[in-house]
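Asks: Right, I'll just put the structure down here and ask away after.
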Amino acid sequence: MVSCKTENWHCETILKIDGTIFSPVELDAEMLLYASSPFVTVEPEKWRTAPYHNLFLLKKGSAPVRLTEFDAYLLNPICAAGHRVLFTAVHGYYDKKVTPPTVFGPTARSEIFSLELSVTDQKIIWPDLPLAPVFAIEGLSTNASIAADSGHVAFLNRRTKQGQTHFNLAIAKLVERSAVILKPKNLGFRVRRL
């Protein structure tokens, strides 16, 4: 992970690990939140994969602090504002012989989840498990981006009808951990499946 100052494009490496680093988010000048998974070697082919993603907090100059035990197949993208963290999480478990922990609720219509983060205490303030997905409107909701005031969220909503995939931009208002869809906006993007 590299951090760069835009006024002089001076860059420095702030983290080197033997694993993945996804979606680093700067919480303040010294603190970063990101998703990561160690690499796992698959036998007998000996190829490497990274199926155990969790959230980590990194204070520059210190070792990363692991915040979750999700072991999610995908945990990306992440966005944060204030004490609120939104992320896309995809179910999955590498070892099919082991039952995964019940962390994420059903995600048939949304893969976006919300957590409260205490940067001061370097921990997640856990709600009841399993986590309930937010923005579960018609279609599949992913890729949330939260405003700086933590009040509004934009996200991608994908709907498939009659062999065509329609992508809409939706806007939601966060009200005490709940979300109210204001007005999904159809941007007119269409992808025809061949």
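In the structure tokens, the first chain shown is A, the next is B, and so on; residue numbers restart at 1 for each chain, and ligands run from 1 in the order shown.
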Which residues are near Ala50 of chain A? Cut-off 7 Å, only C-alpha atoms, ignore same chain within fewer than 5 positions. Put them as a ChimeraX atom specification.
Replies: /A:37-40
Asks: Run DSSP on the backbone and give me the residues of chain A it puts in strand (DSSP E), as a ChimeraX atom specification.
Replies: /A:2-5,10-13,22-26,31-36,40-42,47-49,54-59,65-66,74-81,84-90,112-118,123-125,140-146,152-161,164-175,178-181,185-192
Asks: Find the residue from A:Leu169, A:Leu15, A:Ala81, A:Leu33 that sits nearest to Ser3 of chain A; use only C-alpha atoms when measuring.
Replies: A:Leu15
Asks: Would you list the contacts of segment 17-26 of chain A as an mmCIF file with N, CA and C atoms, in the first residue's frame, taking every protein, DNA or RNA residue within 9 Å and counting only C-alpha atoms, but skipping same-chain residues closer than 4 positions in sequence?
Replies:
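Result file result38.cif:
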data_model
loop_
_atom_site.group_PDB
_atom_site.id
_atom_site.type_symbol
_atom_site.label_atom_id
_atom_site.label_comp_id
_atom_site.auth_asym_id
_atom_site.auth_seq_id
_atom_site.Cartn_x
_atom_site.Cartn_y
_atom_site.Cartn_z
ATOM 1 N N MET A 1 0.850 -1.177 0.000
ATOM 2 C CA MET A 1 0.000 0.000 0.000
ATOM 3 C C MET A 1 0.891 1.234 0.000
ATOM 4 N N GLU A 30 -3.818 9.849 9.765
ATOM 5 C CA GLU A 30 -2.964 8.766 10.258
ATOM 6 C C GLU A 30 -3.604 7.385 10.196
ATOM 7 N N MET A 31 -4.919 7.303 9.932
ATOM 8 C CA MET A 31 -5.630 6.039 10.069
ATOM 9 C C MET A 31 -6.277 5.614 8.751
ATOM 10 N N LEU A 32 -6.072 4.335 8.388
ATOM 11 C CA LEU A 32 -6.636 3.767 7.165
ATOM 12 C C LEU A 32 -7.428 2.516 7.483
ATOM 13 N N LEU A 33 -8.491 2.309 6.712
ATOM 14 C CA LEU A 33 -9.297 1.090 6.791
ATOM 15 C C LEU A 33 -9.176 0.390 5.451
ATOM 16 N N TYR A 34 -9.007 -0.935 5.459
ATOM 17 C CA TYR A 34 -8.892 -1.672 4.196
ATOM 18 C C TYR A 34 -9.334 -3.118 4.408
ATOM 19 N N ALA A 35 -9.527 -3.822 3.296
ATOM 20 C CA ALA A 35 -9.842 -5.247 3.330
ATOM 21 C C ALA A 35 -8.628 -6.029 2.865
ATOM 22 N N SER A 36 -8.418 -7.204 3.452
ATOM 23 C CA SER A 36 -7.261 -8.004 3.088
ATOM 24 C C SER A 36 -7.529 -9.480 3.340
ATOM 25 N N SER A 37 -6.819 -10.307 2.570
ATOM 26 C CA SER A 37 -6.856 -11.753 2.778
ATOM 27 C C SER A 37 -5.455 -12.305 2.573
ATOM 28 N N PRO A 38 -5.035 -13.275 3.391
ATOM 29 C CA PRO A 38 -3.755 -13.944 3.115
ATOM 30 C C PRO A 38 -3.911 -14.840 1.891
ATOM 31 N N PHE A 39 -2.806 -15.120 1.225
ATOM 32 C CA PHE A 39 -2.838 -16.061 0.115
ATOM 33 C C PHE A 39 -2.880 -17.490 0.655
ATOM 34 N N VAL A 40 -3.610 -18.350 -0.052
ATOM 35 C CA VAL A 40 -3.706 -19.765 0.313
ATOM 36 C C VAL A 40 -3.252 -20.571 -0.901
ATOM 37 N N ALA A 50 -6.977 -16.056 -2.593
ATOM 38 C CA ALA A 50 -7.166 -15.260 -1.375
ATOM 39 C C ALA A 50 -8.656 -15.214 -1.038
ATOM 40 N N HIS A 53 -11.340 -12.722 3.251
ATOM 41 C CA HIS A 53 -11.208 -11.275 3.424
ATOM 42 C C HIS A 53 -11.830 -10.779 4.725
ATOM 43 N N LEU A 75 -14.751 -8.600 -0.188
ATOM 44 C CA LEU A 75 -15.078 -7.537 0.765
ATOM 45 C C LEU A 75 -14.578 -6.228 0.152
ATOM 46 N N ASN A 76 -15.381 -5.692 -0.779
ATOM 47 C CA ASN A 76 -14.865 -4.609 -1.596
ATOM 48 C C ASN A 76 -15.985 -4.134 -2.530
ATOM 49 N N PRO A 77 -16.172 -2.816 -2.711
ATOM 50 C CA PRO A 77 -15.421 -1.695 -2.164
ATOM 51 C C PRO A 77 -15.893 -1.286 -0.770
ATOM 52 N N ILE A 78 -15.047 -0.517 -0.081
ATOM 53 C CA ILE A 78 -15.339 0.015 1.250
ATOM 54 C C ILE A 78 -15.470 1.530 1.120
ATOM 55 N N CYS A 79 -16.392 2.113 1.869
ATOM 56 C CA CYS A 79 -16.446 3.571 1.979
ATOM 57 C C CYS A 79 -16.770 3.907 3.430
ATOM 58 N N ALA A 80 -16.333 5.076 3.871
ATOM 59 C CA ALA A 80 -16.528 5.453 5.269
ATOM 60 C C ALA A 80 -16.690 6.953 5.384
#
Asks: Using only C-alpha atoms, which of the listed residues (A:Val134, A:Leu27, A:Ala63, A:Leu57) sits closest to Glu111 of chain A?
Replies: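 Closest to Glu111 of chain A, using only C-alpha atoms: A:Val134.
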Asks: Please compute the atom CA of Ile112 of chain A-atom CA of Ala154 of chain A distance, one decimal, in Å.
Replies: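 Taking atom CA of Ile112 of chain A as the start and atom CA of Ala154 of chain A as the end point, the length is 11.4 Å.
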Asks: Hey, which of A:Ser141, A:Ile14, A:Ala147, A:Ser114 ends up closest to Arg159 of chain A? Count only C-alpha atoms.
Replies: A:Ser141
Asks: So that I can see what lies close to Phe70 of chain A, please list as a list in words the residues with an atom at most 8 Å from it, counting only C-alpha atoms and leaving out residues fewer than 3 positions away in the same chain.
Replies: Tyr52, His53, Asn54, Pro101 and Val103 of chain A
Asks: Of the residues A:Asp28, A:Ser150, A:Phe155, A:Thr68, which is the one nearest to Thr120 of chain A, using only C-alpha atoms?
Replies: A:Asp28
Asks: Which is closest to Asn143 of chain A among A:Thr6, A:Leu129, A:Arg158, A:Ser62, if we use only C-alpha atoms?
Replies: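 Checking each of A:Thr6, A:Leu129, A:Arg158, A:Ser62 against Asn143 of chain A, counting only C-alpha atoms, the winner is A:Arg158.
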Asks: Would you compute the distance between atom CA of Ile124 of chain A and atom CA of Leu140 of chain A? Give it in Å to one decimal.
Replies: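 For atom CA of Ile124 of chain A relative to atom CA of Leu140 of chain A, the distance reads 26.0 Å.
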Asks: For Leu86 of chain A, which of A:Asp121, A:Pro44, A:Pro133, A:Glu69 is the closest residue, counting only C-alpha atoms?
Replies: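 Of A:Asp121, A:Pro44, A:Pro133, A:Glu69, the one nearest Leu86 of chain A is A:Pro133, counting only C-alpha atoms.
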Asks: Rounded to one decimal, what separation in Å do you get between atom CA of Glu138 of chain A and atom CA of Leu74 of chain A?
Replies: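 Between these atoms lies a distance of 22.1 Å.
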